[in-house]
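Novice: Would you mind keeping the following structure in view while I ask a few things?
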Amino acid sequence: MSDNHWPTNLPEQVISPAAAGSPQIEGERGLASSTSVDQEAGIEPTEAGSMASEAESEIAPDLPPGSGRPPEAMSERAASTLQQKIGVNRGVVAASLTLVVAELLAHHELSNDYVQRCVARYAPGPRFDEASTLLREFRVVVIVADADTGRHEAAVNLLYAMEVRELRELRHRAGAAIDLTVLNTQQSTGWLLDLRGGRSLPSTFAREVAGRDTLDRLIDAQSYLVLIVPPSVWAQAGEGAGKLTLAWEATSAIEIVRRRISAAGCEDSDRWVEQERIRTHLRFATPAEAVRWADEIESVSALPAERLDFSLLPEAERADVKAGRKPDHDLRAQMVVAAFSDWRDHLLSWCKQNHDARLLCFLVTSAVLEGRSVLEIHDQIESLHQTLAGRKAQFENVGLNGPGIIELVDIIGARTTGDLRVEFTRPGYGDAVLDYFWVDRQPMQQAFLHWMCALPEMLDEKESAARVTQRIAAYALRWTLRNGKFTFLQKIAESWGSDRRYQATAVDLISAAALDPTFGKAVRDKLLEWSKPGGDYSAALRATVAAVCAGPLSRVYLTPALTRVGHLAKSDDPLVVKAVGDAMRTLWSDEAARADVRRTLERWLASDNPKRRNAVRHTFLALVGLTDEKRSRPMLMDLLESAEGGGLLVDGWRVVLEDPTQRSRTRDVLSTWLDATFSDLTIANSFAAMLVDAATRHNGDYYNAYPSLTAIYAVNRWQDRSSVGNVDSRRKFGDELVGLIHHRDPLGNSPEAIRAVPAGNVNASAVA
């Protein structure tokens, strides 16, 4: 072993004399010091109140408290151009799913557009003025409220009323104390601490919130703080903040509807809420239901007279209303009520009168392909019939024996536009048809779902297929949020997840569901289940989960996203392996996200939790395996240039090298690093220092031999199999690296020998 090829600045490894004399060596039995842990603390959700459940309930678990990437301008522009308003508590999804996701991100990130919309349509509740007074006096107010009380919009409006420069969420990490010291890091800021997820709080938290230190920080920064806390959580942790606490009372449904339709530009909002047909329902409606009533009123009020459903009127009145001799107020009110009930009574009456299979298939196909050409719809009704009734099933009334296309369109209550596209005249009727059919034909649900997912492949034009995937996914999201089941999400992900043409739509669908304020927690739990090895889930589904975790979901829930990618990284399926690599490349390539990813990995690597270290092992291996194609070297190799980056690499490679189950993949990845180092010997010193430290580091009187053995075997294998340079140069290069690892290996070496390894700088010309 020569002294002039390798660095002198290798990290010093100090061990006890006992360890040097007789280190405990890990063999095939695994780590001798490992312990059994039943739950992944802070990683996967379990019972309420556990650290695991807190990891899922946090708003942005991976950012330092009070920090956070500002909302991207693109997302704000997309949200502001939505043609249909999307209430996050309702899940209205008639617009592009991409814009739906942008709106949900705006909700989490409190973008300016989102705040302005909240203010424009907000109807203050009974205690709003009282809360505003408290906030101005003490700069803190605690809103104690259950779900569906309008608590989030109330908090946003309270902070906006303080005339601060910006609104931000106070970010908090699972299992860690909520850091209130950041309240004076931003001037003129309205801080929102959203604890709706129900994470547990220490008994001293309320006193800290109400304490003098918190008030001084807020005064110094001219800022304010609003907390949203469920009653069950505050009952255990609220002692000491009584003067700041308000038990919230929801705004009446009538006032919510009045305000929202007025903000939307509906004429005579008072007339709408005073209409007895509607007012009867509003008396007992929740805030979420009130939002939906307002949306239905807005839709119906915008309809031109020729699109009103005159069949709802008694026949004697139709002519006068059509001619304008009588007002259409009552008719529009009836349409609002029918739309709110998903046209269920109307559809029941229609189905009783129409038992023809061709009519029913035309109705359902028109609902799925709403907005497409009448010929496209007609071409698919036979495929639906054969899917549901058997491949040999035939319609009885075809050709000249049954109704033609124009008559079919009229019978189902639709119309054709000038370019012969089919659209329903009743608002929300297409979704209502699909809801009715799904419930009415329950034995056919799986066949119907299969037909919908396969439909894009049956269409001739790419544009038509793309639009249909959006339509189907939009309905799937609406259905999922209303029914709380994952049938549609899983089927669409499995059907479209491996097809590059449609995967983006599947990713948008699951992302929107996972970001939903009400149902998102359950979806993120399901993503965890789908990501874990051992389950009977398709590679396409797992690949879709990886793409979801690299997308908008990571901007709000980075730790859960990385955890799921870590589980997926254990898969050997080529489709999943590629998806994991793409996900990690996306996250690391995003400069705004990179620092957050790095901090999360560092925190995991420092954890004593075996399951967390197992997750980060696979995540890190996927990350170090990524290649910068332009530079033909691993993406993370740039970290060798700094001590901090080198420390991350040492810790990461250490957990990778000590895993015997990943030896093959580890050797392959390490070979790419050796190739890059051999091709650029200017980084040989830092690479050698990093790898030797990762392979030989140990603590106390315990030594794990796996890392050094794996590293040595990988280097030997690389010497023989690499195509970089000539074999003699590679062997000389590799032999010196292996010798350096041996010198640092505590087996057979005293502590003094380990600390005093003779070495010099790399002699690039000699090695080459």
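Note on naming: chains are A, B, ... as they come in the structure tokens, residues start from 1 per chain, ligands start from 1 in the order shown.
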Out of segment 500-701 of chain A, which residues get helix (DSSP H, G or I) from DSSP, as number ranges by chain?

Specialist: A: 503-515, 520-531, 539-549, 553-556, 558-568, 574-589, 591-605, 610-624, 635-641, 643-657, 660-679, 681-696

Novice: Please determine, counting only C-alpha atoms, which residue among A:Met584, A:Asp590, A:Ala145, A:His172 has the shortest atom-to-atom distance to Arg555 of chain A.

Specialist: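 Among the listed residues, A:Asp590 lies closest to Arg555 of chain A.
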
Novice: Find the residues near Ala514 of chain A: any atom within 7 Å, counting only C-alpha atoms, skip ones fewer than 6 places away on the same chain, and give them as a PyMOL selection string.

Specialist: chain A and resi 520-521+523-524

Novice: Have a look at atom CA of Trp479 of chain A and atom CA of Arg344 of chain A and let me know their distance in Å, one decimal.

Specialist: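 Going from atom CA of Trp479 of chain A over to atom CA of Arg344 of chain A, I get 15.4 Å.
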
Novice: Can you list, as an MDAnalysis selection string, every protein, DNA or RNA residue that comes within 10 Å of segment 443-455 of chain A when you count only C-alpha atoms, leaving out same-chain residues fewer than 5 positions away?

Specialist: chainID A and resid 365 368:369 380 383:389 437:438 465 468:469 472:473 476 487:488 491:496

Novice: Quick one: residues within 12 Å of Ser722 of chain A, only C-alpha atoms, excluding same-chain residues fewer than 5 positions away - as a list of chain:residue names?

Specialist: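 Contacts, in chain order: A:Arg667, A:Asp668, A:Leu670, A:Ser671, A:Thr672, A:Trp673, A:Leu674, A:Asp675, A:Ala676, A:Phe678, A:Ser679, A:Ala714, A:Val715, A:Asn716, A:Arg717, A:Val727, A:Asp728, A:Ser729, A:Arg730, A:Arg731, A:Gly734.
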
Novice: Would you please work out which residue, of A:Leu135, A:Ala221, A:Val142, A:Ile406, is nearest to Val209 of chain A when using only C-alpha atoms?

Specialist: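 Among the listed residues, A:Val142 lies closest to Val209 of chain A.
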
Novice: Any idea what the distance is between atom CA of Val597 of chain A and atom CA of Leu558 of chain A?

Specialist: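 Computing the Euclidean distance for atom CA of Val597 of chain A and atom CA of Leu558 of chain A yields 7.5 Å.
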
Novice: Any chance you could tabulate, as a tab-separated table, the residues of segment 133-210 of chain A at most 7 Å from segment 111-121 of chain A with each one's nearest atom pair and distance in Å to one decimal, using only C-alpha atoms, in chain and rising number order?

Specialist:
residue	atom	partner	partner_atom	distance
A:Glu153	CA	A:Cys118	CA	6.2
A:Val156	CA	A:Val115	CA	6.9
A:Asn157	CA	A:Val119	CA	5.9

Novice: Next, dump the selected residues to file, keeping only C-alpha atoms, as a compact mmCIF listing (two decimals), in the first residue's frame.

Specialist:
# COMPACT_ATOMS: atom_id res chain seq x y z
CA GLU A 153 -62.37 30.28 6.67
CA VAL A 156 -58.29 33.20 7.51
CA ASN A 157 -60.74 36.09 7.71

Novice: At what distance in Å, to one decimal, does atom CA of Asp268 of chain A lie from atom CA of His281 of chain A?

Specialist: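 That distance, rounded to one decimal, is 19.0 Å.
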
Novice: Give me, as a PyMOL selection string, all polymer residues having an atom no more than 9 Å from segment 291-308 of chain A, counting only C-alpha atoms and skipping those fewer than 5 positions away in the same chain.

Specialist: chain A and resi 85+87+89-90+92+253+256-261+264-267+272+278+282+286+322+328+331-333+335-337+339-340+425-428

Novice: For Gln187 of chain A, please output as a PyMOL selection string all residues within 12 Å (counting only C-alpha atoms; exclusion window: fewer than 2 positions along the same chain).

Specialist: chain A and resi 164-168+182-185+189-191+217-224

Novice: Any chance you can output those residues with N, CA, C and O atoms as an mmCIF file, in the first residue's frame?

Specialist:
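Full text of part08.cif as output:
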data_model
loop_
_atom_site.group_PDB
_atom_site.id
_atom_site.type_symbol
_atom_site.label_atom_id
_atom_site.label_comp_id
_atom_site.auth_asym_id
_atom_site.auth_seq_id
_atom_site.Cartn_x
_atom_site.Cartn_y
_atom_site.Cartn_z
ATOM 1 N N VAL A 164 -52.496 42.515 7.968
ATOM 2 C CA VAL A 164 -51.093 42.112 7.916
ATOM 3 C C VAL A 164 -50.653 41.996 6.461
ATOM 4 O O VAL A 164 -51.464 41.990 5.538
ATOM 5 N N ARG A 165 -49.344 41.886 6.293
ATOM 6 C CA ARG A 165 -48.790 41.849 4.941
ATOM 7 C C ARG A 165 -49.018 40.503 4.262
ATOM 8 O O ARG A 165 -49.252 40.422 3.062
ATOM 9 N N GLU A 166 -48.932 39.420 5.013
ATOM 10 C CA GLU A 166 -49.131 38.096 4.437
ATOM 11 C C GLU A 166 -49.646 37.133 5.498
ATOM 12 O O GLU A 166 -49.510 37.374 6.701
ATOM 13 N N LEU A 167 -50.241 36.051 5.034
ATOM 14 C CA LEU A 167 -50.697 34.978 5.910
ATOM 15 C C LEU A 167 -49.815 33.759 5.676
ATOM 16 O O LEU A 167 -49.472 33.436 4.531
ATOM 17 N N ARG A 168 -49.446 33.091 6.757
ATOM 18 C CA ARG A 168 -48.618 31.891 6.664
ATOM 19 C C ARG A 168 -49.101 30.872 7.679
ATOM 20 O O ARG A 168 -49.602 31.234 8.742
ATOM 21 N N VAL A 182 -40.561 31.221 16.453
ATOM 22 C CA VAL A 182 -40.444 31.725 15.084
ATOM 23 C C VAL A 182 -41.425 32.854 14.800
ATOM 24 O O VAL A 182 -41.414 33.428 13.710
ATOM 25 N N LEU A 183 -42.273 33.178 15.762
ATOM 26 C CA LEU A 183 -43.334 34.157 15.501
ATOM 27 C C LEU A 183 -42.804 35.557 15.224
ATOM 28 O O LEU A 183 -43.543 36.400 14.699
ATOM 29 N N ASN A 184 -41.562 35.822 15.579
ATOM 30 C CA ASN A 184 -41.007 37.142 15.276
ATOM 31 C C ASN A 184 -39.965 37.089 14.165
ATOM 32 O O ASN A 184 -39.154 37.999 14.016
ATOM 33 N N THR A 185 -39.992 36.007 13.375
ATOM 34 C CA THR A 185 -39.037 35.893 12.271
ATOM 35 C C THR A 185 -39.563 36.530 10.991
ATOM 36 O O THR A 185 -38.814 36.710 10.035
ATOM 37 N N THR A 189 -47.115 39.531 9.878
ATOM 38 C CA THR A 189 -47.571 38.226 9.384
ATOM 39 C C THR A 189 -48.744 37.730 10.218
ATOM 40 O O THR A 189 -48.749 37.846 11.446
ATOM 41 N N GLY A 190 -49.723 37.173 9.540
ATOM 42 C CA GLY A 190 -50.821 36.494 10.211
ATOM 43 C C GLY A 190 -50.543 35.010 10.225
ATOM 44 O O GLY A 190 -50.603 34.345 9.192
ATOM 45 N N TRP A 191 -50.205 34.476 11.412
ATOM 46 C CA TRP A 191 -49.846 33.060 11.542
ATOM 47 C C TRP A 191 -51.090 32.226 11.835
ATOM 48 O O TRP A 191 -51.869 32.565 12.719
ATOM 49 N N ARG A 217 -43.051 38.504 21.225
ATOM 50 C CA ARG A 217 -42.602 38.180 19.871
ATOM 51 C C ARG A 217 -43.575 38.733 18.829
ATOM 52 O O ARG A 217 -43.164 39.279 17.794
ATOM 53 N N LEU A 218 -44.849 38.565 19.089
ATOM 54 C CA LEU A 218 -45.854 39.047 18.142
ATOM 55 C C LEU A 218 -45.861 40.566 18.070
ATOM 56 O O LEU A 218 -46.018 41.148 16.988
ATOM 57 N N ILE A 219 -45.681 41.227 19.191
ATOM 58 C CA ILE A 219 -45.626 42.694 19.192
ATOM 59 C C ILE A 219 -44.397 43.170 18.424
ATOM 60 O O ILE A 219 -44.478 44.099 17.611
ATOM 61 N N ASP A 220 -43.254 42.540 18.672
ATOM 62 C CA ASP A 220 -42.023 42.927 17.985
ATOM 63 C C ASP A 220 -42.167 42.818 16.469
ATOM 64 O O ASP A 220 -41.636 43.649 15.724
ATOM 65 N N ALA A 221 -42.861 41.792 16.040
ATOM 66 C CA ALA A 221 -43.003 41.555 14.597
ATOM 67 C C ALA A 221 -44.281 42.143 14.024
ATOM 68 O O ALA A 221 -44.530 41.996 12.821
ATOM 69 N N GLN A 222 -45.100 42.791 14.882
ATOM 70 C CA GLN A 222 -46.384 43.335 14.435
ATOM 71 C C GLN A 222 -47.211 42.242 13.753
ATOM 72 O O GLN A 222 -47.771 42.439 12.675
ATOM 73 N N SER A 223 -47.268 41.098 14.405
ATOM 74 C CA SER A 223 -47.926 39.927 13.833
ATOM 75 C C SER A 223 -49.021 39.408 14.755
ATOM 76 O O SER A 223 -49.178 39.864 15.890
ATOM 77 N N TYR A 224 -49.766 38.405 14.264
ATOM 78 C CA TYR A 224 -50.898 37.836 14.994
ATOM 79 C C TYR A 224 -50.896 36.317 14.807
ATOM 80 O O TYR A 224 -50.332 35.794 13.846
#

Novice: Which of these residues is nearest to Ile510 of chain A, using only C-alpha atoms: A:Val433, A:Ile254, A:Leu363, A:Leu97?

Specialist: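 That would be A:Leu97, the residue with the smallest distance to Ile510 of chain A.
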
Novice: From the DSSP assignment of the backbone, select every residue of segment 619-657 of chain A that is strand (DSSP E or B), and format the answer as a list in words.

Specialist: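 Checking each residue of segment 619-657 of chain A, the strand (DSSP E or B) ones are Thr627, Asp628, Arg633 and Pro634 of chain A.
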
Novice: Give me a file of those residues, with N, CA and C atoms, as a PDB file, in the first residue's frame.

Specialist:
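Final output, part.pdb:
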ATOM      1  N   THR A 627     -28.398   9.409 -11.691  1.00  0.00           N
ATOM      2  CA  THR A 627     -27.267   9.898 -12.483  1.00  0.00           C
ATOM      3  C   THR A 627     -27.619  11.208 -13.164  1.00  0.00           C
ATOM      4  N   ASP A 628     -26.683  12.141 -13.118  1.00  0.00           N
ATOM      5  CA  ASP A 628     -26.793  13.368 -13.883  1.00  0.00           C
ATOM      6  C   ASP A 628     -26.341  13.050 -15.305  1.00  0.00           C
ATOM      7  N   ARG A 633     -22.357  11.433 -14.098  1.00  0.00           N
ATOM      8  CA  ARG A 633     -21.921  11.123 -12.734  1.00  0.00           C
ATOM      9  C   ARG A 633     -23.137  11.160 -11.826  1.00  0.00           C
ATOM     10  N   PRO A 634     -23.054  10.500 -10.656  1.00  0.00           N
ATOM     11  CA  PRO A 634     -24.195  10.521  -9.728  1.00  0.00           C
ATOM     12  C   PRO A 634     -24.568  11.945  -9.327  1.00  0.00           C
TER      13      PRO A 634
END
